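Participant: target28.txt (compact mmCIF, C-alpha atoms) pasted underneath:
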```txt
# COMPACT_ATOMS: atom_id res chain seq x y z
CA MET A 924 8.04 12.69 16.88
CA ASP A 925 6.32 16.03 16.30
CA THR A 926 4.93 16.04 12.75
CA GLU A 927 6.15 19.61 12.30
CA GLY A 928 9.69 18.84 13.37
CA ALA A 929 11.76 18.15 16.43
CA ARG A 930 10.86 19.46 19.85
CA ILE A 931 13.23 22.20 21.01
CA ILE A 932 15.19 21.72 24.21
CA ASP A 933 15.15 25.24 25.62
CA GLY A 934 18.46 25.72 27.38
CA LYS A 935 17.57 29.25 28.49
CA SER A 936 14.53 28.17 30.49
CA ILE A 937 16.23 25.09 31.96
CA ALA A 938 19.27 27.15 32.94
CA ALA A 939 17.00 29.74 34.58
CA ALA A 940 15.37 26.98 36.63
CA VAL A 941 18.77 25.64 37.71
CA ARG A 942 19.98 29.12 38.65
CA GLY A 943 16.83 29.66 40.73
CA GLU A 944 17.42 26.40 42.59
CA VAL A 945 21.06 27.31 43.18
CA ALA A 946 20.03 30.70 44.59
CA GLN A 947 17.81 28.88 47.07
CA ARG A 948 20.68 26.57 48.05
CA VAL A 949 22.96 29.58 48.56
CA ALA A 950 20.31 31.34 50.66
CA GLU A 951 20.07 28.26 52.89
CA LEU A 952 23.85 28.20 53.34
CA VAL A 953 23.92 31.92 54.14
CA ALA A 954 21.18 31.38 56.73
CA ARG A 955 23.52 28.88 58.41
CA GLY A 956 26.33 31.43 58.48
CA ILE A 957 28.09 30.16 55.34
CA GLN A 958 28.80 32.66 52.54
CA PRO A 959 29.79 30.65 49.44
CA GLY A 960 32.61 32.30 47.51
CA LEU A 961 33.67 31.99 43.88
CA ASP A 962 37.02 33.34 42.72
CA VAL A 963 37.64 33.73 38.99
CA VAL A 964 41.13 34.12 37.52
CA LEU A 965 41.35 35.89 34.16
CA VAL A 966 44.74 36.22 32.50
CA GLY A 967 45.14 38.51 29.50
CA ASP A 968 42.61 40.46 27.48
CA ASP A 969 41.03 37.90 25.15
CA PRO A 970 37.66 39.47 24.20
CA ALA A 971 35.68 36.19 24.35
CA SER A 972 37.12 35.36 27.77
CA GLN A 973 36.27 38.86 28.99
CA VAL A 974 32.63 38.35 27.99
CA TYR A 975 32.46 34.86 29.54
CA VAL A 976 33.91 36.07 32.82
CA ARG A 977 31.60 39.08 32.96
CA ASN A 978 28.57 36.83 32.43
CA LYS A 979 29.78 34.38 35.08
CA ASP A 980 30.40 37.17 37.58
CA ARG A 981 26.93 38.61 37.00
CA ALA A 982 25.15 35.25 37.28
CA ALA A 983 27.07 34.24 40.41
CA THR A 984 26.38 37.56 42.12
CA ARG A 985 22.66 37.30 41.34
CA ALA A 986 22.62 33.81 42.85
CA GLY A 987 24.03 35.16 46.10
CA PHE A 988 27.68 34.14 45.87
CA ARG A 989 30.54 36.32 47.01
CA VAL A 990 32.42 36.81 43.75
CA ARG A 991 35.98 38.07 43.20
CA THR A 992 37.68 38.31 39.83
CA HIS A 993 41.47 38.38 39.69
CA ARG A 994 42.57 40.08 36.48
CA LEU A 995 46.19 39.42 35.49
CA SER A 996 48.10 40.82 32.54
CA ALA A 997 48.95 38.72 29.51
CA VAL A 998 52.62 38.83 30.51
CA THR A 999 51.97 37.19 33.89
CA SER A 1000 54.51 34.46 34.52
CA GLN A 1001 53.72 30.83 35.29
CA ALA A 1002 55.14 31.29 38.78
CA GLU A 1003 52.95 34.34 39.46
CA LEU A 1004 49.83 32.55 38.28
CA GLU A 1005 50.57 29.45 40.32
CA ALA A 1006 51.29 31.59 43.39
CA LEU A 1007 47.83 33.13 43.07
CA VAL A 1008 46.27 29.67 42.79
CA ASP A 1009 48.17 28.62 45.93
CA ARG A 1010 46.79 31.64 47.83
CA LEU A 1011 43.24 30.86 46.75
CA ASN A 1012 43.68 27.20 47.69
CA ALA A 1013 44.71 28.28 51.19
CA ASP A 1014 41.95 30.89 51.61
CA ASP A 1015 39.09 29.36 53.59
CA GLU A 1016 36.65 31.96 52.23
CA VAL A 1017 37.14 30.57 48.72
CA ASP A 1018 34.86 27.65 47.85
CA GLY A 1019 35.28 27.61 44.10
CA ILE A 1020 38.21 28.56 41.86
CA LEU A 1021 37.72 29.04 38.14
CA VAL A 1022 40.75 29.72 35.96
CA GLN A 1023 39.39 31.01 32.66
CA LEU A 1024 40.77 29.02 29.73
CA PRO A 1025 42.48 29.26 27.33
CA LEU A 1026 45.45 30.95 28.95
CA PRO A 1027 47.76 33.22 26.93
CA ARG A 1028 50.52 31.60 24.92
CA GLY A 1029 53.47 30.51 27.05
CA LEU A 1030 51.46 29.52 30.12
CA ASP A 1031 50.96 25.85 31.00
CA SER A 1032 47.24 25.41 31.65
CA ASP A 1033 47.61 21.73 32.59
CA ALA A 1034 50.06 22.61 35.36
CA VAL A 1035 47.71 25.30 36.66
CA VAL A 1036 44.71 22.94 36.69
CA ARG A 1037 46.74 20.26 38.49
CA ARG A 1038 47.70 22.84 41.13
CA LEU A 1039 44.07 23.57 42.04
CA ASP A 1040 42.61 22.15 45.22
CA PRO A 1041 40.29 19.44 43.78
CA ALA A 1042 37.61 20.40 46.32
CA LYS A 1043 37.55 23.93 44.85
CA ASP A 1044 37.90 22.91 41.18
CA VAL A 1045 34.42 23.96 40.05
CA ASP A 1046 35.31 23.36 36.39
CA GLY A 1047 35.84 19.68 37.22
CA LEU A 1048 39.13 19.44 35.31
CA HIS A 1049 41.60 18.38 38.02
CA PRO A 1050 42.83 14.77 37.52
CA PHE A 1051 41.28 13.85 40.89
CA ASN A 1052 37.83 14.93 39.69
CA VAL A 1053 38.34 13.34 36.28
CA ALA A 1054 39.20 10.04 37.96
CA ARG A 1055 36.14 10.22 40.20
CA LEU A 1056 33.97 10.85 37.17
CA TRP A 1057 35.24 7.75 35.36
CA MET A 1058 34.99 5.71 38.58
CA ASP A 1059 31.34 6.80 38.90
CA ARG A 1060 32.02 8.47 42.25
CA PRO A 1061 30.55 11.78 43.45
CA GLY A 1062 32.66 14.78 42.52
CA LEU A 1063 32.77 18.08 40.67
CA VAL A 1064 31.86 17.45 37.03
CA PRO A 1065 32.78 19.61 34.01
CA CYS A 1066 30.01 22.16 33.59
CA THR A 1067 28.98 21.77 29.95
CA PRO A 1068 28.68 17.96 30.06
CA ALA A 1069 26.79 18.19 33.36
CA GLY A 1070 24.47 20.69 31.69
CA CYS A 1071 23.81 18.26 28.84
CA ILE A 1072 22.68 15.57 31.28
CA GLU A 1073 20.53 18.10 33.13
CA MET A 1074 18.82 19.05 29.87
CA LEU A 1075 18.04 15.41 29.07
CA ASP A 1076 16.67 14.76 32.54
CA ARG A 1077 14.52 17.88 32.69
CA SER A 1078 13.14 17.17 29.22
CA GLY A 1079 12.09 13.68 30.31
CA ILE A 1080 14.45 11.97 27.84
CA GLU A 1081 15.44 8.48 28.98
CA ILE A 1082 19.16 7.72 28.92
CA ALA A 1083 19.39 4.16 30.22
CA GLY A 1084 19.51 1.57 27.47
CA LYS A 1085 19.91 4.14 24.70
CA ARG A 1086 22.62 4.09 22.03
CA ALA A 1087 24.57 7.33 22.46
CA VAL A 1088 27.18 8.73 20.09
CA VAL A 1089 29.53 11.54 21.10
CA LEU A 1090 31.15 13.41 18.24
CA GLY A 1091 34.44 14.75 19.64
CA ARG A 1092 36.87 13.54 22.31
CA SER A 1093 37.97 16.74 24.06
CA LEU A 1094 38.80 16.78 27.76
CA LEU A 1095 36.28 19.60 28.27
CA VAL A 1096 33.22 17.99 26.68
CA GLY A 1097 33.61 14.81 24.63
CA LYS A 1098 35.25 12.51 27.16
CA PRO A 1099 33.31 13.67 30.24
CA ILE A 1100 29.91 13.53 28.54
CA ALA A 1101 30.76 10.00 27.40
CA ALA A 1102 31.54 9.07 31.02
CA LEU A 1103 28.30 10.63 32.28
CA LEU A 1104 26.21 8.84 29.66
CA LEU A 1105 27.94 5.55 30.45
CA ALA A 1106 27.25 6.06 34.16
CA ARG A 1107 23.57 6.44 33.27
CA ASN A 1108 23.63 3.08 31.46
CA ALA A 1109 23.74 4.28 27.86
CA THR A 1110 25.79 2.36 25.31
CA VAL A 1111 28.35 4.95 24.24
CA THR A 1112 30.49 5.38 21.12
CA ILE A 1113 32.95 8.26 20.68
CA CYS A 1114 33.65 9.49 17.14
CA HIS A 1115 36.78 11.49 16.40
CA SER A 1116 39.03 12.60 13.54
CA ARG A 1117 40.23 9.05 12.84
CA THR A 1118 36.77 7.44 12.85
CA PRO A 1119 35.93 5.96 9.42
CA ASP A 1120 32.56 7.20 8.13
CA PRO A 1121 31.40 9.12 11.21
CA ALA A 1122 28.07 9.84 9.51
CA ALA A 1123 27.26 6.13 9.52
CA VAL A 1124 28.12 5.88 13.23
CA CYS A 1125 26.03 8.95 14.08
CA ARG A 1126 23.03 7.49 12.26
CA GLU A 1127 22.99 4.70 14.85
CA ALA A 1128 22.56 7.18 17.72
CA GLN A 1129 19.39 7.60 19.70
CA ILE A 1130 21.23 10.37 21.59
CA LEU A 1131 23.77 12.34 19.54
CA VAL A 1132 26.11 14.87 21.16
CA ALA A 1133 28.07 17.05 18.72
CA ALA A 1134 31.14 18.77 20.22
CA VAL A 1135 33.84 19.22 17.59
CA GLY A 1136 33.86 22.95 16.81
CA ARG A 1137 33.14 22.57 13.09
CA PRO A 1138 30.24 24.69 11.79
CA GLU A 1139 27.23 22.64 10.70
CA LEU A 1140 29.26 19.49 10.23
CA VAL A 1141 26.34 17.25 11.17
CA ARG A 1142 23.75 17.25 8.40
CA GLY A 1143 20.26 15.86 8.44
CA ASP A 1144 21.27 12.54 6.89
CA TRP A 1145 23.66 11.94 9.83
CA ILE A 1146 20.68 11.81 12.21
CA ALA A 1147 18.38 8.87 12.87
CA PRO A 1148 14.69 9.78 12.70
CA GLY A 1149 13.46 10.66 16.17
CA ALA A 1150 16.93 10.93 17.73
CA THR A 1151 17.81 13.45 20.44
CA VAL A 1152 20.50 15.89 19.26
CA LEU A 1153 22.56 17.99 21.68
CA ASP A 1154 24.62 20.59 19.81
CA VAL A 1155 27.50 21.81 21.97
CA GLY A 1156 29.24 23.75 19.20
CA ILE A 1157 29.27 27.55 19.03
CA ASN A 1158 30.85 28.84 15.82
CA ARG A 1159 30.74 32.26 14.18
CA VAL A 1160 30.36 32.17 10.40
CA GLU A 1161 30.51 35.02 7.95
CA THR A 1162 27.36 36.44 6.37
CA ALA A 1163 26.89 38.56 3.26
CA ASP A 1164 26.30 41.69 5.33
CA GLY A 1165 29.50 41.11 7.28
CA ALA A 1166 27.69 40.85 10.63
CA GLY A 1167 28.29 37.12 11.02
CA ARG A 1168 26.03 34.68 12.82
CA LEU A 1169 26.37 31.94 15.41
CA VAL A 1170 25.81 28.33 14.37
CA GLY A 1171 26.42 25.01 16.03
CA ASP A 1172 28.17 21.86 14.92
CA VAL A 1173 24.78 20.65 13.65
CA HIS A 1174 22.84 22.04 10.69
CA PHE A 1175 19.83 23.12 12.74
CA GLU A 1176 17.16 23.25 10.05
CA GLU A 1177 18.02 19.81 8.73
CA ALA A 1178 18.24 18.37 12.24
CA HIS A 1179 14.92 19.96 13.19
CA ALA A 1180 13.24 18.24 10.27
CA ARG A 1181 14.56 14.81 11.23
CA ALA A 1182 15.24 14.59 14.98
CA GLY A 1183 12.83 14.06 17.85
CA TRP A 1184 14.52 16.60 20.12
CA VAL A 1185 17.19 19.18 19.28
CA THR A 1186 19.01 22.05 20.99
CA PRO A 1187 19.28 25.40 19.19
CA VAL A 1188 22.41 27.54 18.88
CA PRO A 1189 22.39 29.98 20.55
CA GLY A 1190 20.01 29.28 23.44
CA GLY A 1191 20.62 25.57 23.87
CA VAL A 1192 23.56 24.02 25.68
CA GLY A 1193 25.40 27.35 26.12
CA PRO A 1194 23.31 28.80 28.98
CA MET A 1195 23.65 25.55 30.92
CA THR A 1196 27.41 25.94 31.35
CA ILE A 1197 27.19 28.91 33.72
CA ALA A 1198 24.18 27.40 35.51
CA MET A 1199 26.13 24.22 36.27
CA LEU A 1200 29.17 26.25 37.33
CA LEU A 1201 26.99 27.86 39.98
CA SER A 1202 25.63 24.46 40.99
CA ASN A 1203 29.17 23.10 41.33
CA THR A 1204 30.18 26.07 43.48
CA ALA A 1205 27.22 25.58 45.83
CA THR A 1206 28.09 21.89 46.07
CA ALA A 1207 31.74 22.69 46.79
CA ALA A 1208 30.74 25.15 49.52
CA ALA A 1209 28.54 22.55 51.21
CA ASN A 1210 31.08 19.74 50.86
CA ARG A 1211 33.95 21.80 52.24
CA ARG A 1212 31.92 22.45 55.40
CA GLY A 1213 31.09 18.82 55.99
CA ARG A 1214 27.64 18.80 54.45
CA THR A 1215 26.65 16.38 51.72
CA SER A 1216 24.27 18.81 50.04
CA ALA A 1217 23.24 22.43 49.92
```
Output the structure of this file as structure tokens.
Facilitator:
Amino acid sequence: MDTEGARIIDGKSIAAAVRGEVAQRVAELVARGIQPGLDVVLVGDDPASQVYVRNKDRAATRAGFRVRTHRLSAVTSQAELEALVDRLNADDEVDGILVQLPLPRGLDSDAVVRRLDPAKDVDGLHPFNVARLWMDRPGLVPCTPAGCIEMLDRSGIEIAGKRAVVLGRSLLVGKPIAALLLARNATVTICHSRTPDPAAVCREAQILVAAVGRPELVRGDWIAPGATVLDVGINRVETADGAGRLVGDVHFEEAHARAGWVTPVPGGVGPMTIAMLLSNTATAAANRRGRTSA
């Protein structure tokens, strides 16, 4: 371990490399007469969702995708939303469909996700893709967990044989990252709200993934010396000047003093989510046209 603290896993630079590779894959598809298309569905006017969608649109356009964003009002009915999904499923120009979550109150997001064509489900949330993930079969994988694995690989961090602990059991991050780590031959434990003494469990981890949405929950004494820490959390906390600041689920300074590798917040796992969304969309475009890769 670095005597001056943990080595930083730079999500910005890794994401930039992934986006560059995706742009090359898209260019190769376009040269074959295939224009990969991503359609984003945004319901309502949630400010955070607006920002996320704008960033996704910009990144996808720069990578060479044809991008369309469907903006629906917050009073859109379930039937109207599902009808749009049906149209996108049937549109051969659409390779990837992303329904921005969370949806406004009163809409059933599970029903919408289940209605997606699994081959176009670039968020990797359809039950078909979830099943393929747990069966260790090729498929579209949730973007943030896929980004975590990409960061480990590109940092040269071995996964096989390691003891991994995942803090959080969400469908978006906790469960899929556990499946991905298991598929790479890690020994995986999932901690959740009913786990007795989670700090003691986390101290056993050689790879620790924190994804619970609680600011700076993981302190330095939760971390084994030399462990790799992936902080998926993004939380805004108040500051004395009222401006607020972003922190993760891990106390960064304490983790930096104890871990071997650590991701910062911001600039760690976050940038990987959009990068892997683009990768999924390129994969979907190739797969839908009978190619195994792009």
Participant: Please report the interatomic distance between CA of Asp1059 (chain A) and CA of Lys1043 (chain A) in Å with one decimal.
Facilitator: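 Spanning CA of Asp1059 (chain A) to CA of Lys1043 (chain A) is a straight-line distance of 19.2 Å.
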Participant: Mind working out the centre and edge lengths of an axis-aligned box for region 1137-1156 of chain A, all listed atoms inside, 3 Å added to each side, rounded to one decimal in Å and written as lines of an AutoDock Vina configuration file?
Facilitator:
```
center_x = 23.3
center_y = 16.8
center_z = 14.4
size_x = 25.7
size_y = 21.8
size_z = 21.1
```
Participant: Between A:His1174, A:Arg1092, A:Arg942, A:His1115, which is the closest to Met1195 (chain A) once you count only C-alpha atoms?
Facilitator: A:Arg942
Participant: Mind pulling up the distance from CA of Leu1011 (chain A) to CA of Gly1029 (chain A)?
Facilitator: 22.2 Å
Participant: Do a neighbour search on Ala1128 (chain A) at 8 Å with all atoms listed in the file, toss out local chain neighbours closer than 5 positions, and write the hits as a PyMOL selection string.
Facilitator: chain A and resi 1086-1088+1146-1147+1150
Participant: Using only C-alpha atoms, determine which residues lie at most 7 Å from Gly1183 (chain A), disregarding the query and same-chain residues fewer than 2 positions distant; provide the list as an mmCIF file with C-alpha atoms, keeping the file's coordinate frame.
Facilitator:
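Saved result, out-v4.cif, follows:
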```cif
data_model
loop_
_atom_site.group_PDB
_atom_site.id
_atom_site.type_symbol
_atom_site.label_atom_id
_atom_site.label_comp_id
_atom_site.auth_asym_id
_atom_site.auth_seq_id
_atom_site.Cartn_x
_atom_site.Cartn_y
_atom_site.Cartn_z
ATOM 1 C CA MET A 924 8.040 12.690 16.880
ATOM 2 C CA ASP A 925 6.320 16.030 16.300
ATOM 3 C CA ALA A 929 11.760 18.150 16.430
ATOM 4 C CA ARG A 930 10.860 19.460 19.850
ATOM 5 C CA PRO A 1148 14.690 9.780 12.700
ATOM 6 C CA GLY A 1149 13.460 10.660 16.170
ATOM 7 C CA ALA A 1150 16.930 10.930 17.730
ATOM 8 C CA THR A 1151 17.810 13.450 20.440
ATOM 9 C CA ARG A 1181 14.560 14.810 11.230
ATOM 10 C CA VAL A 1185 17.190 19.180 19.280
#
```
Participant: Pick from A:Ala1180, A:Val1152, A:Ile1113, A:Val998: nearest to Gly928 (chain A), with only C-alpha atoms counted?
Facilitator: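 Looking at the shortest contact to Gly928 (chain A), the residue is A:Ala1180.
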Participant: Pick out the closest residue to Ala1207 (chain A) from this set: A:Arg1028, A:Ala1042, A:Ala997, A:Val945. Count only C-alpha atoms.
Facilitator: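 Between A:Arg1028, A:Ala1042, A:Ala997, A:Val945, the residue approaching Ala1207 (chain A) most closely is A:Ala1042.
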Participant: Ranking A:Gln958, A:Thr1110, A:Asn1158, A:Gln973 by minimum distance to Arg989 (chain A) and counting all atoms listed in the file, which one comes first?
Facilitator: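 Residue with the minimum atom-to-atom distance to Arg989 (chain A): A:Gln958.
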Participant: List as a list in words the protein and nucleic acid residues near Val953 (chain A), meaning an atom at most 12 Å away when all atoms listed in the file are counted, but skip any in the same chain fewer than 4 places from it.
Facilitator: Ala946, Gln947, Arg948, Val949, Ile957, Gln958, Pro959, Gly960, Ala986, Gly987, Phe988, Arg989, Ala1205, Ala1208, Ala1209 and Ala1217 of chain A
Participant: For a test of reading the model, state the distance in Å between CA of Leu1039 (chain A) and CA of Ile1157 (chain A), rounded to one decimal.
Facilitator: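 A separation of 27.6 Å between them.
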Participant: Write out as a CSV table (one decimal) with C-alpha atoms, in the frame of the given file which residues come within 9 Å of Asp1044 (chain A) when counting all atoms listed in the file, dropping same-chain ones fewer than 2 positions away.
Facilitator:
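For reference, out-v2.csv as written:
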```csv
chain,number,residue,atom,x,y,z
A,1018,ASP,CA,34.9,27.6,47.8
A,1019,GLY,CA,35.3,27.6,44.1
A,1020,ILE,CA,38.2,28.6,41.9
A,1021,LEU,CA,37.7,29.0,38.1
A,1036,VAL,CA,44.7,22.9,36.7
A,1039,LEU,CA,44.1,23.6,42.0
A,1040,ASP,CA,42.6,22.2,45.2
A,1041,PRO,CA,40.3,19.4,43.8
A,1042,ALA,CA,37.6,20.4,46.3
A,1046,ASP,CA,35.3,23.4,36.4
A,1047,GLY,CA,35.8,19.7,37.2
A,1048,LEU,CA,39.1,19.4,35.3
A,1049,HIS,CA,41.6,18.4,38.0
A,1052,ASN,CA,37.8,14.9,39.7
A,1063,LEU,CA,32.8,18.1,40.7
A,1203,ASN,CA,29.2,23.1,41.3
A,1204,THR,CA,30.2,26.1,43.5
A,1207,ALA,CA,31.7,22.7,46.8
```
Participant: Could you write region 1041-1053 of chain A as a PDB file, keeping the file's coordinate frame, with N, CA and C atoms rebuilt where they are missing?
Facilitator:
```pdb
ATOM      1  N   PRO A1041      41.404  20.120  44.460  1.00  0.00           N
ATOM      2  CA  PRO A1041      40.290  19.440  43.780  1.00  0.00           C
ATOM      3  C   PRO A1041      38.920  19.778  44.382  1.00  0.00           C
ATOM      4  N   ALA A1042      38.883  20.076  45.678  1.00  0.00           N
ATOM      5  CA  ALA A1042      37.610  20.400  46.320  1.00  0.00           C
ATOM      6  C   ALA A1042      37.083  21.762  45.899  1.00  0.00           C
ATOM      7  N   LYS A1043      37.960  22.601  45.299  1.00  0.00           N
ATOM      8  CA  LYS A1043      37.550  23.930  44.850  1.00  0.00           C
ATOM      9  C   LYS A1043      37.516  24.032  43.321  1.00  0.00           C
ATOM     10  N   ASP A1044      37.796  22.941  42.646  1.00  0.00           N
ATOM     11  CA  ASP A1044      37.900  22.910  41.180  1.00  0.00           C
ATOM     12  C   ASP A1044      36.505  22.820  40.559  1.00  0.00           C
ATOM     13  N   VAL A1045      35.818  23.969  40.482  1.00  0.00           N
ATOM     14  CA  VAL A1045      34.420  23.960  40.050  1.00  0.00           C
ATOM     15  C   VAL A1045      34.266  23.757  38.548  1.00  0.00           C
ATOM     16  N   ASP A1046      35.366  23.736  37.802  1.00  0.00           N
ATOM     17  CA  ASP A1046      35.310  23.360  36.390  1.00  0.00           C
ATOM     18  C   ASP A1046      35.423  21.838  36.212  1.00  0.00           C
ATOM     19  N   GLY A1047      35.779  21.133  37.275  1.00  0.00           N
ATOM     20  CA  GLY A1047      35.840  19.680  37.220  1.00  0.00           C
ATOM     21  C   GLY A1047      36.947  19.124  36.351  1.00  0.00           C
ATOM     22  N   LEU A1048      38.066  19.834  36.240  1.00  0.00           N
ATOM     23  CA  LEU A1048      39.130  19.440  35.310  1.00  0.00           C
ATOM     24  C   LEU A1048      40.358  18.834  35.993  1.00  0.00           C
ATOM     25  N   HIS A1049      40.450  18.949  37.322  1.00  0.00           N
ATOM     26  CA  HIS A1049      41.600  18.380  38.020  1.00  0.00           C
ATOM     27  C   HIS A1049      41.603  16.853  37.845  1.00  0.00           C
ATOM     28  N   PRO A1050      42.787  16.236  37.691  1.00  0.00           N
ATOM     29  CA  PRO A1050      42.830  14.770  37.520  1.00  0.00           C
ATOM     30  C   PRO A1050      42.064  14.011  38.591  1.00  0.00           C
ATOM     31  N   PHE A1051      42.042  14.514  39.825  1.00  0.00           N
ATOM     32  CA  PHE A1051      41.280  13.850  40.890  1.00  0.00           C
ATOM     33  C   PHE A1051      39.806  13.780  40.526  1.00  0.00           C
ATOM     34  N   ASN A1052      39.247  14.905  40.053  1.00  0.00           N
ATOM     35  CA  ASN A1052      37.830  14.930  39.690  1.00  0.00           C
ATOM     36  C   ASN A1052      37.552  14.129  38.425  1.00  0.00           C
ATOM     37  N   VAL A1053      38.493  14.158  37.486  1.00  0.00           N
ATOM     38  CA  VAL A1053      38.340  13.340  36.280  1.00  0.00           C
ATOM     39  C   VAL A1053      38.293  11.861  36.640  1.00  0.00           C
TER      40      VAL A1053
END
```
